[in-house]
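J.: Below is run-v9.txt; it holds compact mmCIF, N, CA and C atoms.
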# COMPACT_ATOMS: atom_id res chain seq x y z
N MET A 1 14.72 2.93 15.85
CA MET A 1 15.34 2.67 14.57
C MET A 1 14.68 3.58 13.54
N ASP A 2 15.27 4.67 13.17
CA ASP A 2 14.78 5.55 12.12
C ASP A 2 15.67 5.38 10.91
N ILE A 3 15.04 5.22 9.76
CA ILE A 3 15.79 5.02 8.53
C ILE A 3 15.35 6.06 7.51
N ASP A 4 16.25 6.88 7.03
CA ASP A 4 16.05 7.79 5.91
C ASP A 4 14.68 8.45 5.89
N ASP A 5 14.52 9.52 6.64
CA ASP A 5 13.24 10.20 6.67
C ASP A 5 13.16 11.33 5.65
N THR A 6 14.05 11.34 4.67
CA THR A 6 14.07 12.43 3.69
C THR A 6 13.65 12.01 2.29
N GLY A 7 13.70 10.72 1.97
CA GLY A 7 13.38 10.29 0.61
C GLY A 7 13.11 8.81 0.56
N ILE A 8 13.27 8.23 -0.60
CA ILE A 8 13.02 6.81 -0.80
C ILE A 8 14.20 6.01 -0.27
N ASN A 9 13.91 4.97 0.50
CA ASN A 9 14.94 4.08 1.01
C ASN A 9 14.85 2.78 0.21
N GLU A 10 15.75 2.63 -0.76
CA GLU A 10 15.71 1.48 -1.67
C GLU A 10 15.90 0.15 -0.94
N ALA A 11 16.80 0.09 0.04
CA ALA A 11 17.04 -1.16 0.76
C ALA A 11 15.80 -1.59 1.54
N ALA A 12 15.18 -0.65 2.24
CA ALA A 12 13.97 -0.96 3.00
C ALA A 12 12.83 -1.35 2.07
N THR A 13 12.76 -0.72 0.91
CA THR A 13 11.72 -1.05 -0.07
C THR A 13 11.87 -2.49 -0.53
N ARG A 14 13.11 -2.91 -0.82
CA ARG A 14 13.35 -4.30 -1.24
C ARG A 14 13.02 -5.28 -0.12
N LEU A 15 13.37 -4.93 1.11
CA LEU A 15 13.07 -5.82 2.24
C LEU A 15 11.57 -5.97 2.48
N LEU A 16 10.83 -4.90 2.31
CA LEU A 16 9.38 -4.96 2.51
C LEU A 16 8.74 -5.89 1.48
N GLY A 17 9.26 -5.86 0.24
CA GLY A 17 8.78 -6.78 -0.79
C GLY A 17 7.37 -6.52 -1.26
N LEU A 18 6.95 -5.27 -1.27
CA LEU A 18 5.60 -4.91 -1.68
C LEU A 18 5.69 -4.07 -2.95
N GLU A 19 5.54 -4.73 -4.11
CA GLU A 19 5.70 -4.04 -5.40
C GLU A 19 4.66 -2.95 -5.57
N GLY A 20 5.12 -1.80 -6.06
CA GLY A 20 4.22 -0.70 -6.34
C GLY A 20 4.29 0.43 -5.33
N VAL A 21 5.00 0.19 -4.23
CA VAL A 21 5.20 1.25 -3.24
C VAL A 21 6.68 1.34 -2.89
N SER A 22 7.08 2.52 -2.40
CA SER A 22 8.46 2.73 -1.96
C SER A 22 8.45 3.19 -0.52
N VAL A 23 9.40 2.70 0.25
CA VAL A 23 9.51 3.05 1.66
C VAL A 23 10.18 4.42 1.79
N THR A 24 9.57 5.30 2.56
CA THR A 24 10.16 6.61 2.82
C THR A 24 10.74 6.69 4.22
N GLN A 25 10.22 5.88 5.13
CA GLN A 25 10.68 5.95 6.52
C GLN A 25 10.31 4.68 7.25
N VAL A 26 11.15 4.26 8.19
CA VAL A 26 10.87 3.13 9.06
C VAL A 26 11.14 3.58 10.49
N LYS A 27 10.18 3.32 11.38
CA LYS A 27 10.35 3.67 12.79
C LYS A 27 10.04 2.48 13.67
N ASP A 28 10.74 2.39 14.77
CA ASP A 28 10.44 1.38 15.79
C ASP A 28 9.14 1.79 16.46
N ASP A 29 8.20 0.86 16.57
CA ASP A 29 6.90 1.23 17.15
C ASP A 29 6.88 1.15 18.66
N GLY A 30 7.99 0.77 19.28
CA GLY A 30 8.08 0.73 20.73
C GLY A 30 7.55 -0.55 21.36
N SER A 31 7.00 -1.45 20.54
CA SER A 31 6.48 -2.70 21.10
C SER A 31 6.99 -3.92 20.33
N GLY A 32 8.18 -3.80 19.79
CA GLY A 32 8.80 -4.92 19.08
C GLY A 32 8.51 -5.00 17.60
N GLY A 33 7.82 -4.02 17.07
CA GLY A 33 7.49 -4.01 15.65
C GLY A 33 8.04 -2.78 14.96
N SER A 34 7.70 -2.64 13.69
CA SER A 34 8.15 -1.50 12.90
C SER A 34 6.95 -0.83 12.24
N THR A 35 6.97 0.49 12.21
CA THR A 35 6.01 1.26 11.43
C THR A 35 6.72 1.67 10.16
N VAL A 36 6.17 1.28 9.02
CA VAL A 36 6.80 1.52 7.73
C VAL A 36 5.92 2.50 6.95
N TYR A 37 6.50 3.63 6.56
CA TYR A 37 5.79 4.66 5.80
C TYR A 37 6.14 4.48 4.33
N VAL A 38 5.10 4.37 3.49
CA VAL A 38 5.32 4.15 2.07
C VAL A 38 4.51 5.14 1.23
N VAL A 39 4.97 5.33 0.00
CA VAL A 39 4.26 6.12 -1.01
C VAL A 39 4.15 5.28 -2.27
N THR A 40 3.22 5.61 -3.12
CA THR A 40 3.01 4.88 -4.37
C THR A 40 4.16 5.17 -5.33
N SER A 41 4.71 4.11 -5.92
CA SER A 41 5.79 4.29 -6.90
C SER A 41 5.41 3.75 -8.27
N ASP A 42 4.25 3.13 -8.38
CA ASP A 42 3.80 2.56 -9.65
C ASP A 42 2.93 3.59 -10.37
N ASP A 43 3.41 4.10 -11.51
CA ASP A 43 2.68 5.12 -12.25
C ASP A 43 1.32 4.64 -12.75
N SER A 44 1.14 3.34 -12.93
CA SER A 44 -0.15 2.83 -13.40
C SER A 44 -1.25 2.99 -12.35
N ALA A 45 -0.87 3.27 -11.11
CA ALA A 45 -1.87 3.49 -10.05
C ALA A 45 -2.67 4.76 -10.30
N ARG A 46 -2.16 5.62 -11.17
CA ARG A 46 -2.86 6.87 -11.51
C ARG A 46 -3.90 6.69 -12.61
N ALA A 47 -4.02 5.49 -13.16
CA ALA A 47 -5.00 5.24 -14.22
C ALA A 47 -6.37 5.01 -13.59
N CYS A 48 -7.38 5.67 -14.13
CA CYS A 48 -8.75 5.53 -13.63
C CYS A 48 -9.18 4.07 -13.75
N PRO A 49 -9.69 3.48 -12.69
CA PRO A 49 -10.11 2.08 -12.76
C PRO A 49 -11.31 1.84 -13.67
N SER A 50 -12.07 2.89 -13.98
CA SER A 50 -13.23 2.73 -14.85
C SER A 50 -12.90 2.87 -16.33
N CYS A 51 -12.14 3.92 -16.68
CA CYS A 51 -11.89 4.19 -18.10
C CYS A 51 -10.44 3.99 -18.52
N GLY A 52 -9.51 3.95 -17.56
CA GLY A 52 -8.11 3.72 -17.89
C GLY A 52 -7.30 4.96 -18.21
N VAL A 53 -7.93 6.13 -18.24
CA VAL A 53 -7.22 7.37 -18.54
C VAL A 53 -6.32 7.71 -17.34
N VAL A 54 -5.07 8.09 -17.62
CA VAL A 54 -4.13 8.45 -16.56
C VAL A 54 -4.48 9.84 -16.04
N ALA A 55 -4.68 9.92 -14.75
CA ALA A 55 -5.09 11.17 -14.12
C ALA A 55 -3.94 12.16 -14.05
N THR A 56 -4.29 13.43 -14.15
CA THR A 56 -3.29 14.50 -14.05
C THR A 56 -3.69 15.54 -13.02
N ARG A 57 -4.90 15.43 -12.49
CA ARG A 57 -5.40 16.43 -11.55
C ARG A 57 -5.55 15.82 -10.16
N LEU A 58 -4.73 16.27 -9.24
CA LEU A 58 -4.71 15.74 -7.87
C LEU A 58 -5.86 16.30 -7.06
N LYS A 59 -6.53 15.43 -6.32
CA LYS A 59 -7.63 15.85 -5.45
C LYS A 59 -7.15 16.01 -4.01
N GLY A 60 -6.21 15.18 -3.58
CA GLY A 60 -5.71 15.24 -2.22
C GLY A 60 -5.01 13.94 -1.86
N TYR A 61 -4.77 13.75 -0.58
CA TYR A 61 -4.09 12.54 -0.10
C TYR A 61 -4.89 11.92 1.03
N ARG A 62 -4.69 10.62 1.21
CA ARG A 62 -5.22 9.91 2.36
C ARG A 62 -4.20 8.85 2.76
N THR A 63 -4.31 8.39 3.97
CA THR A 63 -3.41 7.34 4.44
C THR A 63 -4.22 6.09 4.71
N SER A 64 -3.76 4.97 4.17
CA SER A 64 -4.39 3.68 4.47
C SER A 64 -3.37 2.83 5.21
N ARG A 65 -3.86 1.84 5.89
CA ARG A 65 -2.99 0.99 6.71
C ARG A 65 -3.25 -0.49 6.42
N PRO A 66 -2.88 -0.95 5.22
CA PRO A 66 -3.09 -2.38 4.92
C PRO A 66 -2.19 -3.26 5.78
N ARG A 67 -2.73 -4.37 6.22
CA ARG A 67 -1.93 -5.32 7.02
C ARG A 67 -1.04 -6.13 6.09
N HIS A 68 0.16 -6.45 6.58
CA HIS A 68 1.17 -7.13 5.77
C HIS A 68 1.88 -8.17 6.63
N LEU A 69 2.64 -9.02 5.97
CA LEU A 69 3.43 -10.04 6.66
C LEU A 69 4.51 -9.41 7.53
N PRO A 70 4.96 -10.11 8.57
CA PRO A 70 6.11 -9.61 9.33
C PRO A 70 7.34 -9.51 8.41
N CYS A 71 8.24 -8.64 8.75
CA CYS A 71 9.45 -8.44 7.97
C CYS A 71 10.65 -8.53 8.91
N GLY A 72 11.55 -9.44 8.65
CA GLY A 72 12.72 -9.62 9.50
C GLY A 72 12.33 -10.13 10.88
N GLY A 73 11.24 -10.88 10.96
CA GLY A 73 10.80 -11.43 12.24
C GLY A 73 10.05 -10.43 13.11
N ARG A 74 9.82 -9.23 12.60
CA ARG A 74 9.12 -8.19 13.37
C ARG A 74 7.78 -7.87 12.73
N PRO A 75 6.75 -7.66 13.55
CA PRO A 75 5.47 -7.22 12.99
C PRO A 75 5.65 -5.87 12.29
N VAL A 76 4.89 -5.68 11.21
CA VAL A 76 5.00 -4.47 10.41
C VAL A 76 3.64 -3.78 10.36
N SER A 77 3.64 -2.50 10.60
CA SER A 77 2.46 -1.67 10.44
C SER A 77 2.75 -0.71 9.29
N ILE A 78 2.00 -0.84 8.19
CA ILE A 78 2.23 -0.01 7.01
C ILE A 78 1.33 1.21 7.05
N HIS A 79 1.91 2.36 6.78
CA HIS A 79 1.17 3.62 6.62
C HIS A 79 1.42 4.08 5.19
N TRP A 80 0.42 3.89 4.33
CA TRP A 80 0.56 4.18 2.91
C TRP A 80 -0.11 5.51 2.59
N ARG A 81 0.71 6.50 2.23
CA ARG A 81 0.18 7.81 1.81
C ARG A 81 -0.10 7.72 0.32
N LYS A 82 -1.40 7.69 0.01
CA LYS A 82 -1.76 7.56 -1.40
C LYS A 82 -2.59 8.74 -1.85
N ALA A 83 -2.48 9.02 -3.12
CA ALA A 83 -3.15 10.18 -3.70
C ALA A 83 -4.57 9.82 -4.14
N ARG A 84 -5.42 10.82 -4.07
CA ARG A 84 -6.75 10.75 -4.69
C ARG A 84 -6.68 11.61 -5.95
N TRP A 85 -7.21 11.10 -7.03
CA TRP A 85 -7.14 11.78 -8.32
C TRP A 85 -8.53 12.04 -8.87
N TYR A 86 -8.66 13.12 -9.64
CA TYR A 86 -9.87 13.37 -10.41
C TYR A 86 -9.72 12.67 -11.75
N CYS A 87 -10.77 11.99 -12.21
CA CYS A 87 -10.75 11.46 -13.56
C CYS A 87 -11.22 12.59 -14.47
N THR A 88 -10.39 12.94 -15.43
CA THR A 88 -10.69 14.09 -16.30
C THR A 88 -11.32 13.67 -17.62
N GLU A 89 -11.62 12.38 -17.78
CA GLU A 89 -12.27 11.91 -18.99
C GLU A 89 -13.76 12.28 -18.94
N PRO A 90 -14.22 13.15 -19.84
CA PRO A 90 -15.62 13.59 -19.81
C PRO A 90 -16.64 12.45 -19.91
N ALA A 91 -16.32 11.40 -20.64
CA ALA A 91 -17.26 10.30 -20.82
C ALA A 91 -17.29 9.33 -19.64
N CYS A 92 -16.39 9.48 -18.70
CA CYS A 92 -16.29 8.57 -17.55
C CYS A 92 -17.22 9.05 -16.43
N GLU A 93 -17.96 8.13 -15.86
CA GLU A 93 -18.88 8.48 -14.78
C GLU A 93 -18.19 8.62 -13.43
N ARG A 94 -16.98 8.10 -13.30
CA ARG A 94 -16.26 8.16 -12.03
C ARG A 94 -15.71 9.57 -11.85
N GLY A 95 -15.99 10.16 -10.73
CA GLY A 95 -15.50 11.51 -10.47
C GLY A 95 -14.07 11.52 -9.97
N SER A 96 -13.77 10.62 -9.04
CA SER A 96 -12.42 10.56 -8.49
C SER A 96 -12.14 9.14 -8.03
N PHE A 97 -10.87 8.88 -7.74
CA PHE A 97 -10.47 7.55 -7.29
C PHE A 97 -9.18 7.67 -6.49
N THR A 98 -8.92 6.65 -5.70
CA THR A 98 -7.71 6.57 -4.89
C THR A 98 -6.76 5.57 -5.53
N GLU A 99 -5.47 5.84 -5.45
CA GLU A 99 -4.47 4.93 -6.02
C GLU A 99 -4.63 3.52 -5.45
N ALA A 100 -4.41 2.55 -6.31
CA ALA A 100 -4.41 1.15 -5.91
C ALA A 100 -3.30 0.45 -6.69
N ILE A 101 -2.74 -0.58 -6.12
CA ILE A 101 -1.70 -1.36 -6.79
C ILE A 101 -2.12 -2.82 -6.81
N ARG A 102 -1.45 -3.61 -7.59
CA ARG A 102 -1.77 -5.03 -7.72
C ARG A 102 -1.69 -5.74 -6.37
N GLN A 103 -0.72 -5.39 -5.55
CA GLN A 103 -0.53 -6.04 -4.25
C GLN A 103 -1.61 -5.66 -3.23
N VAL A 104 -2.23 -4.48 -3.42
CA VAL A 104 -3.30 -4.02 -2.53
C VAL A 104 -4.38 -3.39 -3.40
N PRO A 105 -5.29 -4.22 -3.95
CA PRO A 105 -6.33 -3.69 -4.82
C PRO A 105 -7.29 -2.76 -4.06
N THR A 106 -8.08 -2.03 -4.81
CA THR A 106 -9.04 -1.11 -4.23
C THR A 106 -9.92 -1.81 -3.21
N GLY A 107 -10.05 -1.18 -2.05
CA GLY A 107 -10.94 -1.69 -1.01
C GLY A 107 -10.35 -2.78 -0.13
N MET A 108 -9.18 -3.28 -0.43
CA MET A 108 -8.59 -4.36 0.37
C MET A 108 -7.86 -3.79 1.58
N ARG A 109 -7.93 -4.49 2.69
CA ARG A 109 -7.27 -4.06 3.91
C ARG A 109 -6.06 -4.93 4.25
N THR A 110 -5.76 -5.87 3.38
CA THR A 110 -4.60 -6.73 3.56
C THR A 110 -3.84 -6.80 2.24
N THR A 111 -2.56 -7.10 2.33
CA THR A 111 -1.76 -7.26 1.11
C THR A 111 -1.99 -8.65 0.52
N ARG A 112 -1.71 -8.77 -0.75
CA ARG A 112 -1.85 -10.07 -1.42
C ARG A 112 -0.95 -11.12 -0.76
N ALA A 113 0.26 -10.73 -0.36
CA ALA A 113 1.18 -11.68 0.28
C ALA A 113 0.60 -12.21 1.60
N LEU A 114 -0.03 -11.36 2.38
CA LEU A 114 -0.64 -11.80 3.64
C LEU A 114 -1.81 -12.73 3.37
N ARG A 115 -2.64 -12.42 2.39
CA ARG A 115 -3.78 -13.29 2.06
C ARG A 115 -3.30 -14.66 1.59
N GLN A 116 -2.23 -14.67 0.78
CA GLN A 116 -1.71 -15.95 0.30
C GLN A 116 -1.13 -16.77 1.43
N ALA A 117 -0.40 -16.11 2.35
CA ALA A 117 0.19 -16.82 3.49
C ALA A 117 -0.89 -17.38 4.41
N ALA A 118 -1.94 -16.61 4.63
CA ALA A 118 -3.04 -17.08 5.47
C ALA A 118 -3.76 -18.25 4.81
N GLY A 119 -3.97 -18.17 3.51
CA GLY A 119 -4.61 -19.28 2.79
C GLY A 119 -3.77 -20.54 2.84
N ALA A 120 -2.47 -20.41 2.68
CA ALA A 120 -1.58 -21.57 2.75
C ALA A 120 -1.57 -22.18 4.15
N ALA A 121 -1.64 -21.33 5.17
CA ALA A 121 -1.65 -21.83 6.55
C ALA A 121 -2.91 -22.65 6.80
N VAL A 122 -4.02 -22.25 6.21
CA VAL A 122 -5.28 -22.99 6.39
C VAL A 122 -5.27 -24.27 5.56
N CYS A 123 -4.89 -24.15 4.28
CA CYS A 123 -4.95 -25.31 3.38
C CYS A 123 -3.86 -26.34 3.65
N ASP A 124 -2.65 -25.86 3.80
CA ASP A 124 -1.51 -26.78 3.91
C ASP A 124 -1.03 -26.98 5.34
N GLY A 125 -1.33 -26.06 6.22
CA GLY A 125 -0.78 -26.12 7.57
C GLY A 125 -1.74 -26.62 8.61
N SER A 126 -2.92 -27.07 8.19
CA SER A 126 -3.94 -27.60 9.11
C SER A 126 -4.28 -26.61 10.22
N ARG A 127 -4.33 -25.33 9.88
CA ARG A 127 -4.70 -24.31 10.85
C ARG A 127 -6.10 -23.82 10.55
N THR A 128 -6.78 -23.31 11.56
CA THR A 128 -8.10 -22.75 11.33
C THR A 128 -7.95 -21.36 10.76
N VAL A 129 -9.04 -20.81 10.24
CA VAL A 129 -9.01 -19.46 9.68
C VAL A 129 -8.64 -18.46 10.78
N VAL A 130 -9.15 -18.63 11.98
CA VAL A 130 -8.84 -17.73 13.10
C VAL A 130 -7.36 -17.80 13.45
N GLN A 131 -6.76 -18.99 13.44
CA GLN A 131 -5.35 -19.15 13.75
C GLN A 131 -4.48 -18.50 12.67
N ALA A 132 -4.91 -18.61 11.42
CA ALA A 132 -4.13 -18.05 10.32
C ALA A 132 -4.16 -16.55 10.36
Would you put the structure from the file into structure tokens?

T.:
Amino acid sequence: MDIDDTGINEAATRLLGLEGVSVTQVKDDGSGGSTVYVVTSDDSARACPSCGVVATRLKGYRTSRPRHLPCGGRPVSIHWRKARWYCTEPACERGSFTEAIRQVPTGMRTTRALRQAAGAAVCDGSRTVVQA
């Protein structure tokens, strides 16, 4: 299952339900799940987390793979291509930073939706942390 490998796929983006990123491609992973390729769509992700100045100088790209909830009953593997930016504010001590969004803050390996679902499974569903 390949979906729109040339640009943003609005329908897939809405189905994923992860604010701040846009789906560029979806592929069948061959084991009953989907690999979803996303890019940052929230312009505020370019603001330096230390000083708040919006970056204009690109340092490069990296790919992160935050874990997310299943989508359409299928496991989802997210590949997020995010930019690294130089902070150009002379008074700021931070040299560079990687884009982050509200749903996946800096340093997190899971989405907010997955953390909330796991917490609900433990608190309300009488499941252990390992089961969740």

J.: Closest to A:Ala55 among A:Arg14, A:Arg102, A:Arg94, A:Arg115, using only C-alpha atoms?

T.: A:Arg94

J.: If you run DSSP on the backbone, which residues of stretch 15-108 of chain A are strand (DSSP E or B), as a ChimeraX atom specification?

T.: /A:21-28,34-40,47,54,57-64,67,71,74,76-86,96-98,101,104

J.: For a test of reading the model, state the distance in Å between atom C of A:Ala12 and atom CA of A:Pro66, rounded to one decimal.

T.: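 Distance between the two atoms: 16.2 Å.
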
J.: Got a sec to tell me which of stretch 3-85 of chain A DSSP assigns to helix (DSSP H, G or I), as a ChimeraX atom specification?

T.: /A:10-16,43-46

J.: Compare A:Thr63, A:Ser50, A:Ser44, A:Ser31 by their minimum atom-to-atom distance to A:Ala100, counting all atoms listed in the file, and give me the closest one.

T.: A:Ser44

J.: Enclose all atoms of stretch 97-104 of chain A listed in the file in an axis-aligned box, grow every side by 4 Å, and hand back centre and edge lengths in Å to one decimal, as AutoDock Vina command-line options.

T.:
--center_x -5.7 --center_y 1.4 --center_z -5.1 --size_x 18.3 --size_y 22.9 --size_z 13.2

J.: Between A:His79, A:Arg46, A:Glu93, A:Gln25, which has the minimum distance to A:Ser64 (counting only N, CA and C atoms)?

T.: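 Closest residue, counting only N, CA and C atoms: A:His79.
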
J.: At what distance in Å, to one decimal, does atom CA of A:Arg67 lie from atom CA of A:Cys87?

T.: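 Computed distance, atom CA of A:Cys87 to atom CA of A:Arg67, equals 28.0 Å.
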
J.: So, counting only N, CA and C atoms, which residue among A:Ala83, A:Thr24, A:Thr56, A:Glu19 is closest to A:Gly7?

T.: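 For A:Gly7, the nearest of the given residues is A:Thr24.
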
J.: Quick one: pull the distance between atom CA of A:Ser77 and atom CA of A:Ala45, Å, one decimal.

T.: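 Atom CA of A:Ser77 sits 21.6 Å away from atom CA of A:Ala45.
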
J.: Using all atoms listed in the file, which of A:Val38, A:Val23, A:Val53, A:Gly17 sits nearest A:Ile78?

T.: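 Among the listed residues, A:Val38 lies closest to A:Ile78.
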
J.: When you count only C-alpha atoms, which of these residues is closest to A:Ser41: A:Val76, A:Thr88, A:Cys71, A:Ile8?

T.: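 Using only C-alpha atoms, A:Ser41 sits closest to A:Ile8.
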
J.: Report as a compact mmCIF listing (two decimals) with N, CA and C atoms, in the frame of the given file all protein, DNA and RNA residues lying within 8 Å of A:Arg112, evaluated on all atoms listed in the file, omitting residues in the same chain fewer than 3 positions from it.

T.:
# COMPACT_ATOMS: atom_id res chain seq x y z
N ARG A 67 -2.73 -4.37 6.22
CA ARG A 67 -1.93 -5.32 7.02
C ARG A 67 -1.04 -6.13 6.09
N HIS A 68 0.16 -6.45 6.58
CA HIS A 68 1.17 -7.13 5.77
C HIS A 68 1.88 -8.17 6.63
N LEU A 69 2.64 -9.02 5.97
CA LEU A 69 3.43 -10.04 6.66
C LEU A 69 4.51 -9.41 7.53
N ARG A 102 -1.45 -3.61 -7.59
CA ARG A 102 -1.77 -5.03 -7.72
C ARG A 102 -1.69 -5.74 -6.37
N GLN A 103 -0.72 -5.39 -5.55
CA GLN A 103 -0.53 -6.04 -4.25
C GLN A 103 -1.61 -5.66 -3.23
N VAL A 104 -2.23 -4.48 -3.42
CA VAL A 104 -3.30 -4.02 -2.53
C VAL A 104 -4.38 -3.39 -3.40
N PRO A 105 -5.29 -4.22 -3.95
CA PRO A 105 -6.33 -3.69 -4.82
C PRO A 105 -7.29 -2.76 -4.06
N ARG A 109 -7.93 -4.49 2.69
CA ARG A 109 -7.27 -4.06 3.91
C ARG A 109 -6.06 -4.93 4.25
N ARG A 115 -2.64 -12.42 2.39
CA ARG A 115 -3.78 -13.29 2.06
C ARG A 115 -3.30 -14.66 1.59
N GLN A 116 -2.23 -14.67 0.78
CA GLN A 116 -1.71 -15.95 0.30
C GLN A 116 -1.13 -16.77 1.43
N ALA A 117 -0.40 -16.11 2.35
CA ALA A 117 0.19 -16.82 3.49
C ALA A 117 -0.89 -17.38 4.41
N ALA A 118 -1.94 -16.61 4.63
CA ALA A 118 -3.04 -17.08 5.47
C ALA A 118 -3.76 -18.25 4.81
